[in-house]
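Student: Provided herewith is a single structure, encoded as structure tokens, for subsequent inquiry.
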Amino acid sequence: CTSLLGQYLLEGEWNFLLDHLSTPHGRRDVHEGSDPLGLFRGRGGSNGIGGVPSNDVTNSAFYAAIHVRAPFSVAKAIYEWERQKPNDAVVLTRSAEFLMCVLAVIPSEEEERLKHRRGGKNANQGMGRMQTWSLEEMDGILEMILRDDDAASAEVSYLARSPKWIIPSSAPTALPTLGIAAYNPDVSAGILRRIYEKEPRAAKEECTLFGRTTLPWIVAAASPLPPKHTNTNENGNNADMAPIISTRYQEQSDNRWEKVRFLLTQWDGSDATHA
């Protein structure tokens with residue numbers, strides 16, 4: 001890391017970080033936008049891990065908070081200082097890119113992967129991401145960015161396709177902001193509608209998902225779902241009964257089809273109630 005802010009982010013020292021942000025030094029760390037996590041350090045300013053490019057977005061303190069999945073209170077505090085930068089605030093001028101970065105996170109899938117990492121020999125070494133957001137935290141961060149979008153400059157485009165570094169895939173995938181929201185099972189239908197309101201034309205724009213040209217409502221229909229059945233009861237114990245439909249599956253399935261119906265309606269203007 002390249003600053004005290006970056007060190008606290010990497011180590012997950014959220015209370016120390018919030019205290020640091022209340023000082024002039026902490027606010028200066030935010031305003032400098034100098035790669036606080038050191039993602040590009042020693043790379044000559046070229047791409048970092050995973051092909052992430054070094055630019056105004058990825059060098060910002062707010063991107064660093066997204067990268068480590070900082071809790072909402074921390075992400076909000078950093079965002080508030082970012083937007084008060086004396087010159088152009090990157091969180092305002094390039095808000096669509098920050099939205100894409102957040103929308104590309106699927107907390108429910110990350111939580112499953114993290115379960116297998118927690119308790120390992122490197123669990124307490126502060127190396128790598130060891131937490132993810134709750135769905136409420138993710139919603140809060142998205143709402144925070146969307147609320148400020150009216151102040152954004154003309155650079156913002158909700159029709160622009162996602163670059164590969166935001167959605168890495170072995171098959172070509174390029175989605176507008178609305179398309180990413182459609183595909184992510186953890187993004188609520190309410191957030192999807194808010195994004196649609198920013199650029200209604202996006203509902204009719206073709207996009208690319210895993211090498212296939214398609215439309216946003218089809219992207220929503222292809223959104224992944226968790227396993228349908230579970231043998232675990234409400235207390236988390238193995239139940240001596242036939243498999244039942246999991247609550248998480250039902251919630252995400254309902255959310256998926258709500259998004260499909262909405263996008264299909266916007267695409268062809270019909271009543272998609274029975275889609």
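How things are named: the first chain in the structure tokens is A, the next is B, and so on; residues count from 1 in each chain; ligands count from 1 in the order shown.
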Excluding range 182-191 of chain A and residues on its chain fewer than 3 positions from it, collect all residues at most 9 Å away from it, counting only C-alpha atoms, and give them as a PyMOL selection string.
Tutor: chain A and resi 103-108+135+138-139+142-143+177-179+194-196+216-225+252-253+255-256+258-260+262-263
Student: Using backbone DSSP assignments, extract all alpha helix (DSSP H) residues from range 28-265 of chain A; output them as a PyMOL selection string.
Tutor: chain A and resi 28-32+61-67+72-82+90-93+95-103+107-115+135-148+177-183+189-198+216-221+247-265
Student: Excluding same-chain residues fewer than 6 positions from Pro163 in chain A, what lies within 10 Å of it counting only C-alpha atoms, as a compact mmCIF listing (two decimals) with N, CA, C and O atoms, in the first residue's frame?
Tutor:
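Written out: part_32.txt:
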```
# COMPACT_ATOMS: atom_id res chain seq x y z
N VAL A 52 -6.36 -4.92 -14.63
CA VAL A 52 -7.00 -3.66 -14.27
C VAL A 52 -6.08 -2.52 -14.67
O VAL A 52 -4.91 -2.48 -14.28
N GLU A 97 -18.77 4.35 -14.44
CA GLU A 97 -17.73 3.33 -14.29
C GLU A 97 -17.69 2.79 -12.87
O GLU A 97 -17.49 1.59 -12.65
N MET A 100 -20.51 0.39 -12.54
CA MET A 100 -20.17 -0.90 -13.14
C MET A 100 -19.31 -1.74 -12.18
O MET A 100 -19.54 -2.95 -12.04
N THR A 173 -17.72 -10.60 -23.41
CA THR A 173 -18.85 -10.08 -22.65
C THR A 173 -18.71 -8.57 -22.54
O THR A 173 -17.69 -8.09 -22.05
N ALA A 174 -19.69 -7.84 -23.03
CA ALA A 174 -19.69 -6.39 -22.97
C ALA A 174 -21.11 -5.91 -22.72
O ALA A 174 -21.96 -5.98 -23.61
N LEU A 175 -21.37 -5.47 -21.51
CA LEU A 175 -22.71 -5.08 -21.10
C LEU A 175 -22.75 -3.62 -20.69
O LEU A 175 -21.82 -3.13 -20.04
N PRO A 176 -23.83 -2.92 -21.02
CA PRO A 176 -24.00 -1.57 -20.46
C PRO A 176 -24.35 -1.70 -18.98
O PRO A 176 -24.59 -2.80 -18.48
```
Student: In terms of the shortest atom-to-atom distance over only C-alpha atoms, which of A:Asn55, A:Ser169, A:Ser162, A:Ser157 is closest to Ser95 in chain A?
Tutor: A:Ser157
Student: As an exercise, work out the distance from CA of Asp29 in chain A to CA of Gly6 in chain A in Å and give it to one decimal place.
Tutor: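 These atoms are spaced 8.7 Å apart.
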Student: Report, in Å to a single decimal, how far apart CA of Ile167 in chain A and CA of Leu99 in chain A are.
Tutor: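 Going from CA of Leu99 in chain A over to CA of Ile167 in chain A, I get 12.5 Å.
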Student: Report the residues of range 21-214 of chain A whose backbone DSSP state falls under strand (DSSP E), written as a short mmCIF file (atom, residue, chain, number, x, y, z; two decimals) with N, CA and C atoms, in the first residue's frame.
Tutor:
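Once everything was written out, this is out.cif:
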```cif
data_model
loop_
_atom_site.label_atom_id
_atom_site.label_comp_id
_atom_site.auth_asym_id
_atom_site.auth_seq_id
_atom_site.Cartn_x
_atom_site.Cartn_y
_atom_site.Cartn_z
N CYS A 207 -26.40 -6.17 -26.54
CA CYS A 207 -25.17 -6.31 -25.76
C CYS A 207 -24.62 -7.72 -25.98
N THR A 208 -23.46 -7.97 -25.42
CA THR A 208 -22.79 -9.25 -25.63
C THR A 208 -22.62 -9.97 -24.30
N LEU A 209 -23.12 -11.20 -24.22
CA LEU A 209 -22.99 -12.02 -23.02
C LEU A 209 -22.40 -13.37 -23.42
N ARG A 212 -22.35 -14.09 -27.16
CA ARG A 212 -23.62 -14.04 -27.89
C ARG A 212 -24.23 -12.64 -27.83
N THR A 213 -24.69 -12.17 -28.97
CA THR A 213 -25.37 -10.88 -29.02
C THR A 213 -26.81 -11.08 -28.56
N THR A 214 -27.24 -10.25 -27.62
CA THR A 214 -28.56 -10.46 -27.03
C THR A 214 -29.11 -9.13 -26.53
#
```
Student: Separation of CA of Ser246 in chain A and CA of Pro227 in chain A, in Å?
Tutor: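 A separation of 7.7 Å between them.
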